[in-house]
Amino acid sequence: MLERVVQALEASRPISKIWTSIDAPELLPHAGTLGGRIDRGDLQVLPSADSPSLSVLEALDAIPSALPLLVTTADHALLDPPMVEYFLEAAEREAADISLALVPEGVIQQRFPDTKRTFIPLRGSRFSGANLFVFRTPAARRGIEFWSRVERHRKQPWRLVRSFGPLSLLLFLLRRLDLKQASARVSRILGARVAIIEMPQAEAAIDVDRLSDYHQVRTILEDRLRSQPR
């Protein structure tokens, strides 16, 4: 999966340098083509911290001129250049301190009606995370530090929203916030402008958390191969 993600990033026009944060760096030289990329300097390696958010904070400190920084996950096995480029172009237009990607439930259900995802319910729709983030300015650090305090709730939307205060939780439970209002409220609380990018690709919401996700991703990739002209 990590090799697929690295390949997708390499083929994406706006990407200049790629770093990976991993808890077992010694495995990388034996993982497909990753060892060769490391030897050539095309892939830099950082040991991961105790959580994803802390790993990002350490990366900001370790990488020279790190900002703007695109962050994704190694289990984003369906990531491809059009997805990366769509997100980065939208984030550039927004020019926010932090941009993050969400996929509307309707987009996912139309493409993959049987998939099981964690949804954030807002007024008008529900959204699933897409594991794509851009940290553009030094103010973004406040958002990462906040996330480090609450990320244990990332699979429990109501607990996550409660971290933003009781009024936010009430508005969330009553479905009073739409996407724009939620973004504005989060921005005020963090002290950093947050932009939410709606992704049109259902595949952006599919990562590999469970064995069923793995089988689904394999099926999608096999279907793609069969549909390619010979």
# chains A, B, ... in the order shown; residues from 1 in each chain; ligands from 1
$ residues_around --residues "region 82-97 of chain A" --least-positions-apart "6" --cutoff "6 Å" --atoms "only C-alpha atoms" --output "list in words"
Arg136, Thr137, Ala140, Ala192, Arg193, Val194 and Ala195 of chain A
$ select_by_dssp --residues "region 35-223 of chain A" --states "helix (DSSP H, G or I)" --output "number ranges by chain"
A: 35-40, 52-62, 81-94, 105-111, 140-153, 157-162, 166-173, 179-190, 202-205, 211-223
$ residues_around --residues "Tyr214 (chain A)" --least-positions-apart "6" --cutoff "12 Å" --atoms "only C-alpha atoms" --output "JSON, numbers by chain"
{"A": [1, 75, 76, 77, 78, 115, 206, 207, 208, 220, 221]}
$ write_last_selection --atoms "N, CA, C and O atoms" --output "PDB file, in the first residue's frame"
ATOM      1  N   MET A   1       0.830  -1.212   0.000  1.00  0.00           N
ATOM      2  CA  MET A   1       0.000   0.000   0.000  1.00  0.00           C
ATOM      3  C   MET A   1       0.861   1.257   0.000  1.00  0.00           C
ATOM      4  O   MET A   1       0.579   2.223  -0.714  1.00  0.00           O
ATOM      5  N   ASP A  75      -2.278   3.841   4.040  1.00  0.00           N
ATOM      6  CA  ASP A  75      -3.347   2.889   3.698  1.00  0.00           C
ATOM      7  C   ASP A  75      -4.343   3.479   2.706  1.00  0.00           C
ATOM      8  O   ASP A  75      -5.420   2.920   2.494  1.00  0.00           O
ATOM      9  N   HIS A  76      -3.969   4.598   2.064  1.00  0.00           N
ATOM     10  CA  HIS A  76      -4.831   5.228   1.053  1.00  0.00           C
ATOM     11  C   HIS A  76      -4.546   4.550  -0.289  1.00  0.00           C
ATOM     12  O   HIS A  76      -4.016   5.162  -1.232  1.00  0.00           O
ATOM     13  N   ALA A  77      -4.919   3.286  -0.391  1.00  0.00           N
ATOM     14  CA  ALA A  77      -4.445   2.432  -1.485  1.00  0.00           C
ATOM     15  C   ALA A  77      -5.024   2.790  -2.838  1.00  0.00           C
ATOM     16  O   ALA A  77      -4.503   2.342  -3.865  1.00  0.00           O
ATOM     17  N   LEU A  78      -6.098   3.575  -2.894  1.00  0.00           N
ATOM     18  CA  LEU A  78      -6.690   3.978  -4.165  1.00  0.00           C
ATOM     19  C   LEU A  78      -6.299   5.395  -4.565  1.00  0.00           C
ATOM     20  O   LEU A  78      -6.823   5.932  -5.540  1.00  0.00           O
ATOM     21  N   THR A 115     -20.350  -0.267   0.744  1.00  0.00           N
ATOM     22  CA  THR A 115     -19.190   0.016   1.580  1.00  0.00           C
ATOM     23  C   THR A 115     -19.614   0.577   2.929  1.00  0.00           C
ATOM     24  O   THR A 115     -20.649   1.237   3.051  1.00  0.00           O
ATOM     25  N   ILE A 206     -11.965   5.696   0.711  1.00  0.00           N
ATOM     26  CA  ILE A 206     -11.721   4.285   1.025  1.00  0.00           C
ATOM     27  C   ILE A 206     -10.268   4.095   1.416  1.00  0.00           C
ATOM     28  O   ILE A 206      -9.353   4.219   0.605  1.00  0.00           O
ATOM     29  N   ASP A 207     -10.046   3.814   2.683  1.00  0.00           N
ATOM     30  CA  ASP A 207      -8.730   3.394   3.143  1.00  0.00           C
ATOM     31  C   ASP A 207      -8.845   1.970   3.679  1.00  0.00           C
ATOM     32  O   ASP A 207      -9.929   1.391   3.703  1.00  0.00           O
ATOM     33  N   VAL A 208      -7.737   1.409   4.082  1.00  0.00           N
ATOM     34  CA  VAL A 208      -7.732  -0.008   4.448  1.00  0.00           C
ATOM     35  C   VAL A 208      -7.566  -0.124   5.955  1.00  0.00           C
ATOM     36  O   VAL A 208      -6.449  -0.230   6.481  1.00  0.00           O
ATOM     37  N   ILE A 220     -11.569  -3.502  -6.615  1.00  0.00           N
ATOM     38  CA  ILE A 220     -11.589  -2.276  -7.421  1.00  0.00           C
ATOM     39  C   ILE A 220     -10.384  -2.234  -8.354  1.00  0.00           C
ATOM     40  O   ILE A 220     -10.511  -1.933  -9.549  1.00  0.00           O
ATOM     41  N   LEU A 221      -9.211  -2.548  -7.839  1.00  0.00           N
ATOM     42  CA  LEU A 221      -7.999  -2.499  -8.656  1.00  0.00           C
ATOM     43  C   LEU A 221      -8.014  -3.576  -9.736  1.00  0.00           C
ATOM     44  O   LEU A 221      -7.571  -3.340 -10.872  1.00  0.00           O
TER      45      LEU A 221
END
$ closest_residue --among "A:Lys17, A:Arg224, A:Arg111, A:Arg4" --to "Ser65 (chain A)" --atoms "only C-alpha atoms"
A:Lys17
$ select_by_dssp --residues "region 11-227 of chain A" --states "strand (DSSP E)" --output "number ranges by chain"
A: 18-22, 43-47, 69-72, 98-104, 120-122, 125-135, 194-198
$ write_last_selection --atoms "N, CA, C and O atoms" --output "compact mmCIF listing (two decimals), in the first residue's frame"
# COMPACT_ATOMS: atom_id res chain seq x y z
N ILE A 18 9.08 13.81 -1.24
CA ILE A 18 8.22 12.87 -0.52
C ILE A 18 8.97 12.33 0.69
O ILE A 18 10.11 11.87 0.59
N TRP A 19 8.29 12.40 1.83
CA TRP A 19 8.79 11.84 3.08
C TRP A 19 7.78 10.82 3.57
O TRP A 19 6.58 11.00 3.40
N THR A 20 8.27 9.76 4.20
CA THR A 20 7.37 8.83 4.86
C THR A 20 7.74 8.71 6.32
O THR A 20 8.92 8.69 6.68
N SER A 21 6.74 8.66 7.15
CA SER A 21 6.92 8.46 8.59
C SER A 21 6.43 7.06 8.92
O SER A 21 5.28 6.72 8.66
N ILE A 22 7.32 6.23 9.46
CA ILE A 22 6.99 4.83 9.66
C ILE A 22 7.64 4.32 10.94
O ILE A 22 8.73 4.78 11.32
N LEU A 43 12.95 9.25 -1.83
CA LEU A 43 12.05 9.06 -0.68
C LEU A 43 12.87 9.20 0.59
O LEU A 43 13.84 8.48 0.80
N GLN A 44 12.47 10.16 1.44
CA GLN A 44 13.13 10.36 2.72
C GLN A 44 12.30 9.69 3.82
O GLN A 44 11.07 9.58 3.71
N VAL A 45 12.98 9.26 4.88
CA VAL A 45 12.31 8.47 5.92
C VAL A 45 12.47 9.14 7.27
O VAL A 45 13.56 9.59 7.64
N LEU A 46 11.36 9.19 8.00
CA LEU A 46 11.35 9.65 9.39
C LEU A 46 10.75 8.56 10.26
O LEU A 46 9.75 7.94 9.86
N PRO A 47 11.31 8.30 11.44
CA PRO A 47 10.64 7.37 12.37
C PRO A 47 9.37 8.01 12.90
O PRO A 47 9.34 9.20 13.22
N LEU A 69 2.65 21.66 3.28
CA LEU A 69 2.86 20.23 3.45
C LEU A 69 1.56 19.48 3.19
O LEU A 69 0.54 19.74 3.82
N LEU A 70 1.60 18.56 2.23
CA LEU A 70 0.49 17.65 1.99
C LEU A 70 0.71 16.41 2.84
O LEU A 70 1.80 15.83 2.83
N VAL A 71 -0.32 15.99 3.56
CA VAL A 71 -0.24 14.79 4.38
C VAL A 71 -1.33 13.81 3.95
O VAL A 71 -2.49 14.19 3.80
N THR A 72 -0.93 12.58 3.73
CA THR A 72 -1.89 11.51 3.50
C THR A 72 -1.42 10.28 4.26
O THR A 72 -0.41 10.33 4.97
N ILE A 98 -5.25 25.61 6.84
CA ILE A 98 -5.40 24.16 6.80
C ILE A 98 -6.51 23.82 5.81
O ILE A 98 -7.58 24.44 5.84
N SER A 99 -6.27 22.85 4.96
CA SER A 99 -7.33 22.32 4.10
C SER A 99 -7.43 20.83 4.35
O SER A 99 -6.41 20.15 4.51
N LEU A 100 -8.66 20.34 4.38
CA LEU A 100 -8.88 18.91 4.54
C LEU A 100 -9.96 18.45 3.58
O LEU A 100 -10.82 19.23 3.18
N ALA A 101 -9.91 17.18 3.22
CA ALA A 101 -10.82 16.63 2.21
C ALA A 101 -11.88 15.76 2.86
O ALA A 101 -11.59 14.95 3.74
N LEU A 102 -13.12 15.94 2.40
CA LEU A 102 -14.24 15.09 2.79
C LEU A 102 -14.97 14.64 1.53
O LEU A 102 -14.95 15.34 0.51
N VAL A 103 -15.64 13.49 1.62
CA VAL A 103 -16.42 12.97 0.50
C VAL A 103 -17.88 12.88 0.92
O VAL A 103 -18.17 12.25 1.94
N PRO A 104 -18.82 13.48 0.18
CA PRO A 104 -20.24 13.39 0.53
C PRO A 104 -20.72 11.94 0.47
O PRO A 104 -20.28 11.15 -0.38
N ILE A 120 -19.62 11.79 9.15
CA ILE A 120 -19.88 12.96 9.99
C ILE A 120 -21.21 13.55 9.52
O ILE A 120 -21.31 14.02 8.38
N PRO A 121 -22.24 13.52 10.36
CA PRO A 121 -23.54 14.05 9.93
C PRO A 121 -23.62 15.56 10.09
O PRO A 121 -23.41 16.10 11.17
N LEU A 122 -23.90 16.25 8.98
CA LEU A 122 -24.10 17.70 9.00
C LEU A 122 -25.44 18.00 8.33
O LEU A 122 -26.07 17.12 7.75
N SER A 125 -26.26 16.77 4.52
CA SER A 125 -25.56 15.59 4.04
C SER A 125 -24.68 15.03 5.16
O SER A 125 -24.53 15.65 6.22
N ARG A 126 -24.15 13.85 4.89
CA ARG A 126 -23.13 13.28 5.75
C ARG A 126 -21.84 13.16 4.94
O ARG A 126 -21.88 13.01 3.72
N PHE A 127 -20.70 13.17 5.64
CA PHE A 127 -19.42 13.20 4.95
C PHE A 127 -18.47 12.19 5.59
O PHE A 127 -18.50 11.97 6.81
N SER A 128 -17.61 11.63 4.75
CA SER A 128 -16.58 10.72 5.23
C SER A 128 -15.22 11.35 4.96
O SER A 128 -15.01 12.02 3.94
N GLY A 129 -14.28 11.12 5.86
CA GLY A 129 -12.94 11.66 5.68
C GLY A 129 -12.21 11.02 4.51
O GLY A 129 -12.48 9.89 4.13
N ALA A 130 -11.26 11.77 3.95
CA ALA A 130 -10.52 11.29 2.78
C ALA A 130 -9.02 11.20 3.02
O ALA A 130 -8.25 10.97 2.08
N ASN A 131 -8.58 11.39 4.26
CA ASN A 131 -7.15 11.25 4.59
C ASN A 131 -6.25 12.09 3.69
O ASN A 131 -5.19 11.65 3.26
N LEU A 132 -6.69 13.31 3.41
CA LEU A 132 -5.89 14.27 2.66
C LEU A 132 -5.93 15.61 3.38
O LEU A 132 -7.02 16.13 3.66
N PHE A 133 -4.76 16.15 3.68
CA PHE A 133 -4.66 17.40 4.43
C PHE A 133 -3.55 18.25 3.81
O PHE A 133 -2.52 17.72 3.39
N VAL A 134 -3.76 19.55 3.80
CA VAL A 134 -2.69 20.48 3.45
C VAL A 134 -2.51 21.44 4.62
O VAL A 134 -3.47 22.07 5.09
N PHE A 135 -1.28 21.53 5.09
CA PHE A 135 -0.90 22.50 6.11
C PHE A 135 -0.05 23.55 5.40
O PHE A 135 1.05 23.27 4.95
N VAL A 194 -9.65 27.19 8.36
CA VAL A 194 -9.78 25.81 7.90
C VAL A 194 -10.72 25.77 6.70
O VAL A 194 -11.84 26.29 6.76
N ALA A 195 -10.29 25.16 5.62
CA ALA A 195 -11.11 24.99 4.43
C ALA A 195 -11.41 23.50 4.25
O ALA A 195 -10.53 22.66 4.42
N ILE A 196 -12.66 23.20 3.95
CA ILE A 196 -13.07 21.81 3.71
C ILE A 196 -13.30 21.64 2.21
O ILE A 196 -14.11 22.36 1.62
N ILE A 197 -12.61 20.70 1.63
CA ILE A 197 -12.69 20.44 0.20
C ILE A 197 -13.56 19.20 -0.02
O ILE A 197 -13.26 18.12 0.50
N GLU A 198 -14.65 19.37 -0.76
CA GLU A 198 -15.49 18.22 -1.11
C GLU A 198 -14.89 17.51 -2.32
O GLU A 198 -14.70 18.11 -3.37
$ closest_residue --among "A:Asp42, A:Val6, A:Ala49, A:Arg226" --to "Asp23 (chain A)" --atoms "only C-alpha atoms"
A:Ala49
$ atom_distance --atom1 "CA of Ala62 (chain A)" --atom2 "CA of Gln7 (chain A)"
22.9 Å
